[in-house]
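The data block below is target.cif; it holds mmCIF, C-alpha atoms and all ligand atoms.
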data_run
loop_
_atom_site.label_atom_id
_atom_site.label_comp_id
_atom_site.auth_asym_id
_atom_site.auth_seq_id
_atom_site.Cartn_x
_atom_site.Cartn_y
_atom_site.Cartn_z
CA MET A 1 10.37 34.33 40.97
CA THR A 2 9.32 31.39 38.80
CA HIS A 3 11.92 29.89 36.52
CA GLN A 4 11.37 29.32 32.83
CA ALA A 5 9.27 26.28 31.83
CA LEU A 6 11.40 23.13 31.73
CA GLU A 7 8.91 20.41 30.90
CA ASN A 8 6.17 19.64 28.38
CA LEU A 9 7.80 22.08 25.99
CA ASN A 10 6.71 20.04 23.00
CA ILE A 11 3.36 18.95 24.36
CA ASP A 12 0.30 20.69 23.08
CA SER A 13 -2.27 19.28 25.52
CA PHE A 14 -3.22 16.35 27.71
CA ASP A 15 -6.78 15.27 26.92
CA ARG A 16 -8.76 12.95 29.14
CA MET A 17 -8.85 9.29 28.12
CA PRO A 18 -11.43 7.00 29.78
CA SER A 19 -9.88 4.27 31.92
CA PRO A 20 -9.85 0.63 30.76
CA ALA A 21 -12.49 -0.11 33.43
CA GLU A 22 -14.80 2.59 32.04
CA VAL A 23 -14.45 1.29 28.48
CA HIS A 24 -15.00 -2.31 29.65
CA ALA A 25 -18.10 -1.28 31.63
CA ALA A 26 -19.59 0.41 28.55
CA LEU A 27 -18.79 -2.61 26.36
CA PRO A 28 -18.89 -5.78 28.49
CA VAL A 29 -18.10 -9.26 27.20
CA PRO A 30 -21.06 -11.63 26.71
CA ASP A 31 -20.47 -15.27 27.73
CA ALA A 32 -20.54 -16.53 24.15
CA VAL A 33 -17.80 -14.08 23.14
CA ALA A 34 -15.68 -15.02 26.17
CA GLU A 35 -15.95 -18.66 25.08
CA THR A 36 -14.79 -17.77 21.53
CA VAL A 37 -11.77 -15.84 22.86
CA ALA A 38 -10.79 -18.44 25.46
CA GLY A 39 -11.43 -21.32 23.05
CA GLY A 40 -9.18 -19.65 20.46
CA ARG A 41 -6.38 -19.19 22.99
CA ARG A 42 -6.74 -22.80 24.15
CA ASP A 43 -6.60 -24.13 20.58
CA LEU A 44 -3.55 -21.99 19.78
CA GLN A 45 -1.72 -23.13 22.90
CA ARG A 46 -2.50 -26.74 22.03
CA ILE A 47 -1.10 -26.20 18.53
CA LEU A 48 2.09 -24.76 20.05
CA THR A 49 2.43 -27.69 22.45
CA ARG A 50 1.64 -30.17 19.61
CA GLU A 51 -1.48 -31.55 21.28
CA ASP A 52 -3.50 -30.21 18.32
CA PRO A 53 -2.00 -31.18 14.94
CA ARG A 54 -3.76 -28.44 12.97
CA LEU A 55 -2.06 -25.48 11.32
CA MET A 56 -3.04 -22.04 12.65
CA VAL A 57 -3.69 -19.45 9.95
CA VAL A 58 -3.81 -15.78 10.96
CA VAL A 59 -5.71 -14.28 8.05
CA GLY A 60 -7.42 -10.97 7.40
CA PRO A 61 -6.90 -7.36 6.40
CA CYS A 62 -3.62 -5.56 6.89
CA SER A 63 -5.64 -3.09 8.95
CA ILE A 64 -9.24 -2.49 9.94
CA HIS A 65 -10.44 0.90 8.73
CA ASP A 66 -14.13 0.24 7.98
CA PRO A 67 -15.96 -1.92 10.55
CA VAL A 68 -18.77 -2.67 8.07
CA ALA A 69 -16.40 -4.18 5.52
CA GLY A 70 -14.46 -5.85 8.35
CA LEU A 71 -17.62 -7.57 9.59
CA ASP A 72 -18.59 -8.59 6.06
CA TYR A 73 -15.12 -10.20 5.78
CA ALA A 74 -15.51 -11.91 9.18
CA GLN A 75 -18.83 -13.49 8.20
CA ARG A 76 -17.30 -14.98 5.05
CA LEU A 77 -14.24 -16.12 6.99
CA LYS A 78 -16.37 -17.82 9.63
CA ALA A 79 -18.18 -19.89 6.98
CA LEU A 80 -14.82 -20.86 5.48
CA SER A 81 -13.41 -21.60 8.92
CA ASP A 82 -16.23 -24.08 9.59
CA GLU A 83 -15.41 -25.76 6.29
CA VAL A 84 -11.67 -26.21 6.91
CA SER A 85 -11.58 -26.48 10.71
CA ASP A 86 -10.58 -30.16 10.78
CA THR A 87 -7.18 -29.09 9.37
CA LEU A 88 -6.79 -25.31 9.74
CA LEU A 89 -7.52 -23.08 12.73
CA LEU A 90 -8.45 -19.73 11.20
CA VAL A 91 -7.80 -16.67 13.38
CA MET A 92 -8.89 -13.33 11.95
CA ARG A 93 -6.30 -10.54 11.67
CA VAL A 94 -7.93 -7.58 13.41
CA TYR A 95 -5.14 -5.01 13.33
CA PHE A 96 -5.96 -1.58 14.74
CA GLU A 97 -2.41 -0.28 15.30
CA LYS A 98 0.01 0.18 12.41
CA PRO A 99 3.72 0.77 12.96
CA ARG A 100 4.94 3.04 10.14
CA THR A 101 8.35 2.97 8.50
CA ALA A 102 8.27 6.78 8.53
CA THR A 103 4.89 8.49 8.40
CA GLY A 104 1.32 7.50 7.55
CA TRP A 105 -2.03 6.60 9.07
CA LYS A 106 -1.30 4.80 12.35
CA GLY A 107 -4.51 2.84 12.46
CA PHE A 108 -8.12 2.83 13.59
CA ILE A 109 -7.45 3.37 17.29
CA ASN A 110 -5.15 6.34 16.71
CA ASP A 111 -7.26 8.04 14.04
CA PRO A 112 -10.63 6.31 13.55
CA ARG A 113 -11.96 9.05 11.27
CA MET A 114 -8.84 8.91 9.05
CA ASP A 115 -8.67 12.69 8.90
CA ASP A 116 -5.86 13.49 11.37
CA SER A 117 -8.39 14.30 14.09
CA PHE A 118 -6.89 11.55 16.33
CA HIS A 119 -9.97 10.71 18.40
CA ILE A 120 -8.19 7.95 20.30
CA GLU A 121 -11.01 7.59 22.84
CA GLU A 122 -13.48 6.99 20.01
CA GLY A 123 -11.03 4.67 18.23
CA MET A 124 -10.57 2.55 21.35
CA ARG A 125 -14.30 2.27 21.96
CA LYS A 126 -15.05 1.40 18.33
CA ALA A 127 -12.16 -1.10 18.21
CA ARG A 128 -13.58 -2.84 21.26
CA ALA A 129 -17.10 -2.81 19.80
CA PHE A 130 -15.74 -4.34 16.58
CA LEU A 131 -13.91 -7.10 18.45
CA LEU A 132 -17.14 -7.92 20.29
CA ARG A 133 -18.92 -8.30 16.93
CA ILE A 134 -16.20 -10.64 15.65
CA GLY A 135 -16.50 -12.65 18.86
CA GLU A 136 -20.25 -12.92 18.27
CA VAL A 137 -19.57 -14.17 14.75
CA GLY A 138 -17.51 -16.87 16.48
CA LEU A 139 -13.99 -16.17 15.22
CA PRO A 140 -10.88 -15.85 17.39
CA THR A 141 -8.90 -12.67 16.68
CA ALA A 142 -5.24 -11.73 16.21
CA THR A 143 -3.76 -8.28 16.57
CA GLU A 144 -0.44 -6.45 16.74
CA ALA A 145 0.18 -4.94 20.19
CA LEU A 146 1.96 -1.67 19.55
CA ASP A 147 1.02 0.85 22.22
CA PRO A 148 1.82 -0.82 25.56
CA ASN A 149 -1.39 0.54 27.13
CA THR A 150 -3.79 -0.74 24.46
CA PRO A 151 -4.01 -4.35 25.75
CA GLN A 152 -5.58 -3.06 28.97
CA TYR A 153 -8.49 -1.82 26.85
CA ILE A 154 -8.98 -4.63 24.33
CA GLY A 155 -6.66 -7.51 25.30
CA ASP A 156 -9.53 -9.53 26.80
CA LEU A 157 -10.97 -9.93 23.29
CA ILE A 158 -7.78 -11.13 21.57
CA SER A 159 -6.61 -14.75 21.11
CA TRP A 160 -3.20 -14.24 19.40
CA THR A 161 -0.84 -11.27 19.55
CA ALA A 162 1.98 -10.21 17.24
CA ILE A 163 4.94 -8.09 18.15
CA GLY A 164 6.00 -6.52 14.89
CA ALA A 165 9.30 -6.46 13.03
CA ARG A 166 9.95 -2.91 14.20
CA THR A 167 9.37 -3.63 17.89
CA SER A 168 10.61 -7.17 18.64
CA GLU A 169 13.85 -5.64 19.90
CA SER A 170 12.03 -3.17 22.18
CA GLN A 171 12.27 -3.89 25.89
CA THR A 172 8.90 -2.21 26.41
CA HIS A 173 7.23 -4.70 24.05
CA ARG A 174 9.00 -7.69 25.58
CA GLU A 175 7.87 -6.60 29.05
CA MET A 176 4.32 -6.07 27.86
CA SER A 177 4.30 -9.49 26.15
CA SER A 178 5.42 -11.17 29.37
CA GLY A 179 2.05 -10.18 30.85
CA LEU A 180 -0.24 -10.81 27.87
CA SER A 181 -2.88 -13.52 28.20
CA THR A 182 -2.44 -14.79 24.63
CA PRO A 183 0.29 -16.66 22.77
CA VAL A 184 2.63 -14.03 21.24
CA GLY A 185 4.40 -14.27 17.89
CA PHE A 186 7.58 -12.19 17.60
CA LYS A 187 8.53 -11.17 14.09
CA ASN A 188 12.07 -11.15 12.74
CA ALA A 189 13.53 -7.67 12.16
CA THR A 190 12.92 -5.73 8.94
CA ASP A 191 16.50 -6.48 7.84
CA GLY A 192 15.79 -10.22 8.19
CA ASP A 193 17.79 -10.71 11.41
CA LEU A 194 16.37 -13.37 13.74
CA ALA A 195 18.31 -12.60 16.91
CA ALA A 196 16.03 -9.86 18.25
CA ALA A 197 12.93 -12.04 17.91
CA VAL A 198 14.62 -15.06 19.52
CA ASN A 199 15.84 -12.88 22.39
CA ALA A 200 12.35 -11.43 22.67
CA ILE A 201 10.80 -14.90 23.13
CA LEU A 202 13.33 -15.59 25.90
CA SER A 203 12.82 -12.21 27.56
CA ALA A 204 9.01 -12.37 27.44
CA SER A 205 9.02 -15.85 28.96
CA ARG A 206 10.41 -14.34 32.20
CA PRO A 207 8.63 -12.23 34.83
CA HIS A 208 9.15 -8.46 34.55
CA SER A 209 8.31 -5.37 36.61
CA PHE A 210 7.72 -2.11 34.76
CA LEU A 211 5.63 1.04 34.66
CA GLY A 212 2.16 0.75 33.19
CA LEU A 213 -1.52 1.45 33.54
CA ASN A 214 -3.94 -0.38 35.82
CA ASP A 215 -7.58 -0.94 34.93
CA GLN A 216 -8.57 2.23 36.78
CA GLY A 217 -6.25 4.20 34.48
CA SER A 218 -3.70 5.00 37.19
CA ALA A 219 0.05 4.69 36.83
CA ALA A 220 1.06 1.32 38.24
CA ILE A 221 4.06 -0.92 38.73
CA VAL A 222 3.05 -3.90 36.64
CA ARG A 223 4.52 -7.20 37.79
CA THR A 224 4.13 -10.03 35.28
CA LYS A 225 4.47 -13.83 35.47
CA GLY A 226 6.10 -14.40 32.04
CA ASN A 227 4.51 -15.74 28.87
CA ALA A 228 5.21 -19.40 28.09
CA HIS A 229 3.74 -19.25 24.59
CA GLY A 230 6.12 -16.99 22.67
CA HIS A 231 7.12 -18.15 19.19
CA LEU A 232 8.87 -16.92 16.06
CA VAL A 233 7.21 -15.32 13.03
CA LEU A 234 9.26 -15.26 9.82
CA ARG A 235 8.28 -12.36 7.55
CA GLY A 236 11.41 -12.07 5.39
CA GLY A 237 13.50 -8.91 5.35
CA GLY A 238 16.38 -7.03 3.81
CA GLY A 239 14.83 -7.69 0.41
CA ARG A 240 14.86 -11.48 0.88
CA PRO A 241 12.19 -14.03 1.83
CA ASN A 242 12.91 -16.45 4.69
CA TYR A 243 10.35 -19.24 4.28
CA ASP A 244 12.54 -21.51 2.12
CA THR A 245 13.83 -24.79 3.58
CA VAL A 246 17.29 -23.37 4.31
CA SER A 247 15.89 -20.31 6.12
CA ILE A 248 13.52 -22.54 8.09
CA ALA A 249 16.43 -24.80 9.09
CA LEU A 250 18.43 -21.74 10.22
CA ALA A 251 15.49 -20.48 12.27
CA GLU A 252 15.00 -23.91 13.86
CA SER A 253 18.68 -23.96 14.77
CA ALA A 254 18.50 -20.45 16.31
CA LEU A 255 15.52 -21.52 18.45
CA ARG A 256 17.21 -24.79 19.44
CA LYS A 257 20.42 -22.99 20.46
CA ALA A 258 18.36 -20.66 22.65
CA GLY A 259 16.66 -23.67 24.28
CA LEU A 260 13.28 -22.67 22.84
CA PRO A 261 10.60 -24.85 21.23
CA GLU A 262 10.93 -24.98 17.44
CA ASN A 263 7.63 -23.21 16.74
CA ILE A 264 7.51 -21.10 13.59
CA VAL A 265 4.72 -19.11 11.95
CA VAL A 266 5.42 -18.03 8.37
CA ASP A 267 4.01 -14.68 7.26
CA CYS A 268 3.17 -15.03 3.54
CA SER A 269 3.09 -11.25 3.19
CA HIS A 270 5.67 -8.49 3.72
CA ALA A 271 9.18 -9.38 2.51
CA ASN A 272 8.20 -13.04 2.02
CA SER A 273 6.14 -12.02 -0.99
CA HIS A 274 7.97 -8.77 -1.78
CA LYS A 275 4.70 -7.09 -0.77
CA ASN A 276 3.00 -8.50 -3.87
CA PRO A 277 -0.25 -10.00 -2.51
CA ARG A 278 -0.63 -12.35 -5.49
CA LEU A 279 2.53 -14.15 -4.39
CA GLN A 280 1.13 -15.06 -0.96
CA PRO A 281 -0.54 -18.29 -2.19
CA LEU A 282 2.87 -19.45 -3.50
CA VAL A 283 4.41 -18.99 -0.05
CA LEU A 284 1.57 -20.91 1.59
CA GLN A 285 1.78 -23.68 -0.99
CA ASP A 286 5.56 -23.93 -0.56
CA CYS A 287 5.24 -24.24 3.23
CA ALA A 288 2.45 -26.81 2.91
CA HIS A 289 4.78 -28.89 0.74
CA GLN A 290 7.58 -28.53 3.29
CA ILE A 291 5.14 -29.91 5.88
CA LEU A 292 4.21 -32.79 3.56
CA ARG A 293 7.92 -33.55 3.16
CA GLY A 294 8.35 -33.86 6.92
CA ASN A 295 8.80 -30.35 8.35
CA ARG A 296 7.69 -30.22 12.00
CA SER A 297 8.47 -26.63 12.99
CA ILE A 298 5.95 -24.72 10.87
CA VAL A 299 2.92 -24.47 13.15
CA GLY A 300 1.18 -21.56 11.49
CA MET A 301 0.86 -19.17 8.59
CA MET A 302 -0.16 -15.52 8.21
CA VAL A 303 -1.96 -14.04 5.23
CA GLU A 304 -2.95 -10.43 4.49
CA SER A 305 -6.33 -10.67 2.81
CA PHE A 306 -9.41 -8.51 2.39
CA LEU A 307 -12.57 -8.48 0.27
CA GLU A 308 -10.86 -6.81 -2.69
CA GLU A 309 -7.33 -7.38 -3.92
CA GLY A 310 -4.73 -4.60 -3.63
CA SER A 311 -4.66 -1.37 -1.69
CA GLN A 312 -5.73 2.24 -2.04
CA PRO A 313 -4.39 5.53 -0.70
CA ILE A 314 -6.61 7.27 1.86
CA PRO A 315 -8.46 9.92 -0.18
CA ALA A 316 -9.31 13.42 1.08
CA ASP A 317 -12.96 12.62 0.37
CA LEU A 318 -13.58 9.40 2.31
CA ALA A 319 -16.83 8.84 0.40
CA THR A 320 -14.67 7.79 -2.56
CA LEU A 321 -12.97 4.92 -0.65
CA ARG A 322 -13.28 1.54 -2.39
CA TYR A 323 -15.30 -0.87 -0.23
CA GLY A 324 -13.34 -3.79 1.22
CA CYS A 325 -9.95 -2.66 -0.10
CA SER A 326 -6.94 -2.13 2.20
CA VAL A 327 -5.70 1.37 3.03
CA THR A 328 -2.34 0.01 4.21
CA ASP A 329 -0.47 -2.97 2.67
CA ALA A 330 -1.92 -4.59 -0.43
CA CYS A 331 -4.03 -7.66 0.35
CA LEU A 332 -5.06 -10.80 -1.48
CA GLY A 333 -8.73 -10.69 -2.55
CA TRP A 334 -11.43 -12.89 -0.99
CA ASP A 335 -11.88 -15.43 -3.80
CA ASP A 336 -8.16 -16.18 -4.00
CA THR A 337 -7.97 -16.38 -0.21
CA ALA A 338 -10.79 -18.91 -0.01
CA ALA A 339 -9.38 -20.98 -2.89
CA MET A 340 -5.90 -21.03 -1.35
CA LEU A 341 -7.14 -22.10 2.09
CA ARG A 342 -9.37 -24.84 0.64
CA GLU A 343 -6.41 -26.11 -1.37
CA THR A 344 -4.16 -26.11 1.70
CA ARG A 345 -6.74 -28.03 3.67
CA ALA A 346 -7.02 -30.62 0.90
CA LEU A 347 -3.23 -30.98 0.77
CA LEU A 348 -2.72 -31.34 4.54
CA LYS A 349 -5.92 -33.00 5.72
CA ASP A 350 -4.56 -36.53 5.91
CA HIS A 351 -0.99 -35.58 6.73
CA LEU A 352 -1.30 -33.34 9.81
CA PRO A 353 -2.66 -36.01 12.19
CA LYS A 354 0.34 -38.18 11.26
CA ARG A 355 2.64 -35.27 12.07
CA ARG A 356 1.34 -35.28 15.64
CA ASN A 357 1.62 -39.03 15.92
CA ALA A 358 5.24 -38.81 14.75
CA SER A 359 6.20 -36.56 17.69
O1 LIG A 401 1.92 -4.26 7.58
C1 LIG A 401 1.98 -3.07 7.50
C2 LIG A 401 3.12 -2.29 7.00
O2 LIG A 401 4.03 -3.09 6.33
C3 LIG A 401 3.78 -1.58 8.13
O3 LIG A 401 2.80 -0.94 8.89
C4 LIG A 401 4.77 -0.56 7.58
O4 LIG A 401 4.14 0.23 6.70
P1 LIG A 401 4.85 1.42 5.89
O5 LIG A 401 6.22 0.94 5.47
O6 LIG A 401 3.92 1.64 4.74
O7 LIG A 401 4.93 2.60 6.80
C1 LIG A 402 3.32 -4.44 10.41
C2 LIG A 402 3.18 -5.71 10.12
O1 LIG A 402 4.17 -6.56 9.87
P1 LIG A 402 5.73 -6.38 10.10
O2 LIG A 402 5.90 -6.02 11.55
O3 LIG A 402 6.25 -7.73 9.76
O4 LIG A 402 6.21 -5.33 9.17
C3 LIG A 402 1.85 -6.35 10.02
O5 LIG A 402 1.78 -7.58 9.98
O6 LIG A 402 0.88 -5.62 9.99
#
Can you turn what I pasted into structure tokens?
Ligand SMILES: O=C[C@H](O)[C@H](O)COP(=O)(O)O
Ligand SMILES: C=C(OP(=O)(O)O)C(=O)O
Amino acid sequence: MTHQALENLNIDSFDRMPSPAEVHAALPVPDAVAETVAGGRRDLQRILTREDPRLMVVVGPCSIHDPVAGLDYAQRLKALSDEVSDTLLLVMRVYFEKPRTATGWKGFINDPRMDDSFHIEEGMRKARAFLLRIGEVGLPTATEALDPNTPQYIGDLISWTAIGARTSESQTHREMSSGLSTPVGFKNATDGDLAAAVNAILSASRPHSFLGLNDQGSAAIVRTKGNAHGHLVLRGGGGRPNYDTVSIALAESALRKAGLPENIVVDCSHANSHKNPRLQPLVLQDCAHQILRGNRSIVGMMVESFLEEGSQPIPADLATLRYGCSVTDACLGWDDTAAMLRETRALLKDHLPKRRNAS
């Protein structure tokens, strides 16, 4: 006699997903793209170790939903990057995975057609193809690592990784980060607390052993070496910004007490601008002035920016989507983004080399 079913009671189906090796084989990395990715990682590491005095700026859409508009953005950003590269290292935000407060579209990998059809295999392939295009354009990329298996599919094309405010406290994400090949920025919690992110940097710097996926798509015990390039990302929280001089001093002190390098990236978006994209330039300007007045801990900034300012809900008829406008958090438009980055470069151009010499 067979007993009643005890497992998979809430699972509808298991559908086949190609292995990371299969997806890599279909979309291999050309040498020029590998150089862009590795060069971006090298530059970021040198910024974190203070060998490179420039400021890193992670800038781009809140999420990628339309690869055509994303590529259009990347081409403009590359031209701007060449213009400001003596002072600012621009890294494009290429976010395919969105952590939701409650419900909502979870990003291009999870639902590339934005119609609840959840073609994850298609999303993964298209995400990888998009990253290859950005690599060809010559820009290093930044992404949020949310699903712990995703880096096996696209991690070779990423130069900077974020662990988000909702997952910095998650052991799974700390373990994953300990094995990532990029510098990892851990965000403070949504209530503004720093402790989880500081503990995450410590945890991810150590080796871990945990369950994961190998490149053949089999269950594996993953044994990591630890990631030496974790740092803190301040995004505000609990209704309050945390980029002001007092908040920065408190964050420096928390890192110092934990024996960690005082490396801080300030996210101009989220609670630091009360989710009003037009306030992001004020945050950037404020931090640039802190740097001019002697701050040494701010090593980078993050900006949510797209071709058009604002955001739009995902319509039932996707043909009515506005081109180049975010379908998640509201973004700063292109013209304001370019103006703000040019201004920051002009402000910091002569100062940043002195900051390195002062160390
Ligand atoms: O950056 C993106 C959003 O802030 C994050 O995904 C949470 O979004 P939600 O609060 O709209 O769900
Ligand atoms: C989700 C994001 O940010 P946070 O984790 O700070 O909410 C993001 O930057 O896309």
Taking all atoms listed in the file into account, report as a PyMOL selection string which residues have an atom no farther than 6 Å from an atom of ligand LIG 401 (chain A). chain A and resi 62+98-102+329
Contact table chain A vs ligand LIG 402 (chain A), cut-off 9 Å, shortest pair per residue, all atoms listed in the file, as JSON lines:
{"residue": "A:Pro61", "atom": "CA", "partner": "A:LIG402", "partner_atom": "O6", "distance": 8.7}
{"residue": "A:Cys62", "atom": "CA", "partner": "A:LIG402", "partner_atom": "O6", "distance": 5.5}
{"residue": "A:Ser63", "atom": "CA", "partner": "A:LIG402", "partner_atom": "O6", "distance": 7.1}
{"residue": "A:Arg93", "atom": "CA", "partner": "A:LIG402", "partner_atom": "O5", "distance": 8.8}
{"residue": "A:Tyr95", "atom": "CA", "partner": "A:LIG402", "partner_atom": "O6", "distance": 6.9}
{"residue": "A:Glu97", "atom": "CA", "partner": "A:LIG402", "partner_atom": "O6", "distance": 8.2}
{"residue": "A:Lys98", "atom": "CA", "partner": "A:LIG402", "partner_atom": "C1", "distance": 6.0}
{"residue": "A:Pro99", "atom": "CA", "partner": "A:LIG402", "partner_atom": "C1", "distance": 5.8}
{"residue": "A:Arg100", "atom": "CA", "partner": "A:LIG402", "partner_atom": "C1", "distance": 7.7}
{"residue": "A:Thr101", "atom": "CA", "partner": "A:LIG402", "partner_atom": "O4", "distance": 8.6}
{"residue": "A:Thr143", "atom": "CA", "partner": "A:LIG402", "partner_atom": "O6", "distance": 8.5}
{"residue": "A:Glu144", "atom": "CA", "partner": "A:LIG402", "partner_atom": "O6", "distance": 6.9}
{"residue": "A:Ala162", "atom": "CA", "partner": "A:LIG402", "partner_atom": "O5", "distance": 7.7}
{"residue": "A:Ile163", "atom": "CA", "partner": "A:LIG402", "partner_atom": "O2", "distance": 7.0}
{"residue": "A:Gly164", "atom": "CA", "partner": "A:LIG402", "partner_atom": "O2", "distance": 3.4}
{"residue": "A:Ala165", "atom": "CA", "partner": "A:LIG402", "partner_atom": "O2", "distance": 3.7}
{"residue": "A:Arg166", "atom": "CA", "partner": "A:LIG402", "partner_atom": "O2", "distance": 5.8}
{"residue": "A:Thr167", "atom": "CA", "partner": "A:LIG402", "partner_atom": "O2", "distance": 7.6}
{"residue": "A:Ser168", "atom": "CA", "partner": "A:LIG402", "partner_atom": "O2", "distance": 8.6}
{"residue": "A:Phe186", "atom": "CA", "partner": "A:LIG402", "partner_atom": "O2", "distance": 8.8}
{"residue": "A:Lys187", "atom": "CA", "partner": "A:LIG402", "partner_atom": "O3", "distance": 6.0}
{"residue": "A:Asn188", "atom": "CA", "partner": "A:LIG402", "partner_atom": "O3", "distance": 7.4}
{"residue": "A:Ala189", "atom": "CA", "partner": "A:LIG402", "partner_atom": "O3", "distance": 7.7}
{"residue": "A:Thr190", "atom": "CA", "partner": "A:LIG402", "partner_atom": "O4", "distance": 6.7}
{"residue": "A:Val233", "atom": "CA", "partner": "A:LIG402", "partner_atom": "O3", "distance": 8.3}
{"residue": "A:Leu234", "atom": "CA", "partner": "A:LIG402", "partner_atom": "O3", "distance": 8.1}
{"residue": "A:Arg235", "atom": "CA", "partner": "A:LIG402", "partner_atom": "O3", "distance": 5.5}
{"residue": "A:Gly236", "atom": "CA", "partner": "A:LIG402", "partner_atom": "O3", "distance": 8.0}
{"residue": "A:Gly237", "atom": "CA", "partner": "A:LIG402", "partner_atom": "O3", "distance": 8.6}
{"residue": "A:Asp267", "atom": "CA", "partner": "A:LIG402", "partner_atom": "O3", "distance": 7.7}
{"residue": "A:Ser269", "atom": "CA", "partner": "A:LIG402", "partner_atom": "O5", "distance": 7.8}
{"residue": "A:His270", "atom": "CA", "partner": "A:LIG402", "partner_atom": "O3", "distance": 6.1}
{"residue": "A:Ala271", "atom": "CA", "partner": "A:LIG402", "partner_atom": "O3", "distance": 8.0}
{"residue": "A:Met302", "atom": "CA", "partner": "A:LIG402", "partner_atom": "O5", "distance": 8.4}
{"residue": "A:Val303", "atom": "CA", "partner": "A:LIG402", "partner_atom": "O5", "distance": 8.8}
{"residue": "A:Glu304", "atom": "CA", "partner": "A:LIG402", "partner_atom": "O5", "distance": 7.8}
{"residue": "A:Thr328", "atom": "CA", "partner": "A:LIG402", "partner_atom": "O6", "distance": 8.7}
{"residue": "A:Asp329", "atom": "CA", "partner": "A:LIG402", "partner_atom": "O6", "distance": 7.9}
Would you mind listing what lies within 12 Å of Gly230 in chain A as a PyMOL selection string, with all atoms listed in the file counted and same-chain residues fewer than 3 positions away left out? chain A and resi 44-45+48-49+160-163+168+174+177-187+197-206+226-227+233+255+260-265
Give me a file of those residues, with C-alpha atoms, as a PDB file, in the coordinates of the input.
ATOM      1  CA  LEU A  44      -3.550 -21.990  19.780  1.00  0.00           C
ATOM      2  CA  GLN A  45      -1.720 -23.130  22.900  1.00  0.00           C
ATOM      3  CA  LEU A  48       2.090 -24.760  20.050  1.00  0.00           C
ATOM      4  CA  THR A  49       2.430 -27.690  22.450  1.00  0.00           C
ATOM      5  CA  TRP A 160      -3.200 -14.240  19.400  1.00  0.00           C
ATOM      6  CA  THR A 161      -0.840 -11.270  19.550  1.00  0.00           C
ATOM      7  CA  ALA A 162       1.980 -10.210  17.240  1.00  0.00           C
ATOM      8  CA  ILE A 163       4.940  -8.090  18.150  1.00  0.00           C
ATOM      9  CA  SER A 168      10.610  -7.170  18.640  1.00  0.00           C
ATOM     10  CA  ARG A 174       9.000  -7.690  25.580  1.00  0.00           C
ATOM     11  CA  SER A 177       4.300  -9.490  26.150  1.00  0.00           C
ATOM     12  CA  SER A 178       5.420 -11.170  29.370  1.00  0.00           C
ATOM     13  CA  GLY A 179       2.050 -10.180  30.850  1.00  0.00           C
ATOM     14  CA  LEU A 180      -0.240 -10.810  27.870  1.00  0.00           C
ATOM     15  CA  SER A 181      -2.880 -13.520  28.200  1.00  0.00           C
ATOM     16  CA  THR A 182      -2.440 -14.790  24.630  1.00  0.00           C
ATOM     17  CA  PRO A 183       0.290 -16.660  22.770  1.00  0.00           C
ATOM     18  CA  VAL A 184       2.630 -14.030  21.240  1.00  0.00           C
ATOM     19  CA  GLY A 185       4.400 -14.270  17.890  1.00  0.00           C
ATOM     20  CA  PHE A 186       7.580 -12.190  17.600  1.00  0.00           C
ATOM     21  CA  LYS A 187       8.530 -11.170  14.090  1.00  0.00           C
ATOM     22  CA  ALA A 197      12.930 -12.040  17.910  1.00  0.00           C
ATOM     23  CA  VAL A 198      14.620 -15.060  19.520  1.00  0.00           C
ATOM     24  CA  ASN A 199      15.840 -12.880  22.390  1.00  0.00           C
ATOM     25  CA  ALA A 200      12.350 -11.430  22.670  1.00  0.00           C
ATOM     26  CA  ILE A 201      10.800 -14.900  23.130  1.00  0.00           C
ATOM     27  CA  LEU A 202      13.330 -15.590  25.900  1.00  0.00           C
ATOM     28  CA  SER A 203      12.820 -12.210  27.560  1.00  0.00           C
ATOM     29  CA  ALA A 204       9.010 -12.370  27.440  1.00  0.00           C
ATOM     30  CA  SER A 205       9.020 -15.850  28.960  1.00  0.00           C
ATOM     31  CA  ARG A 206      10.410 -14.340  32.200  1.00  0.00           C
ATOM     32  CA  GLY A 226       6.100 -14.400  32.040  1.00  0.00           C
ATOM     33  CA  ASN A 227       4.510 -15.740  28.870  1.00  0.00           C
ATOM     34  CA  VAL A 233       7.210 -15.320  13.030  1.00  0.00           C
ATOM     35  CA  LEU A 255      15.520 -21.520  18.450  1.00  0.00           C
ATOM     36  CA  LEU A 260      13.280 -22.670  22.840  1.00  0.00           C
ATOM     37  CA  PRO A 261      10.600 -24.850  21.230  1.00  0.00           C
ATOM     38  CA  GLU A 262      10.930 -24.980  17.440  1.00  0.00           C
ATOM     39  CA  ASN A 263       7.630 -23.210  16.740  1.00  0.00           C
ATOM     40  CA  ILE A 264       7.510 -21.100  13.590  1.00  0.00           C
ATOM     41  CA  VAL A 265       4.720 -19.110  11.950  1.00  0.00           C
TER      42      VAL A 265
END
Env of range 80-84 of chain A: 9 Å cut, atoms = all atoms listed in the file, seq-sep filter 4 positions within chain, self excluded. Answer as a PyMOL selection string. chain A and resi 75-76+88-91+139+338+341-342+345-346+349
I want to know what sits within 12 Å of Leu282 in chain A, based on only C-alpha atoms, with residues of the same chain fewer than 3 positions away left out; could you give that as a ChimeraX atom specification? /A:243-244,267-269,272-274,276-279,285-289,303,332,336-337,340-341,343-344
I'd like the interatomic distance between CA of Leu347 in chain A and CA of Ser326 in chain A, to a tenth of an Å. 29.1 Å
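Checking A:Asp317, A:Glu22, A:Glu35, A:Asp191 one by one against Glu121 in chain A, counting only C-alpha atoms, you find the shortest gap at A:Glu22.
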For Ile221 in chain A, find every residue with an atom within 7 Å (counting all atoms listed in the file), except residues of its own chain fewer than 2 positions away, and show them as a list in words. Ser209, Phe210, Leu211, Gly212 and Arg223 of chain A
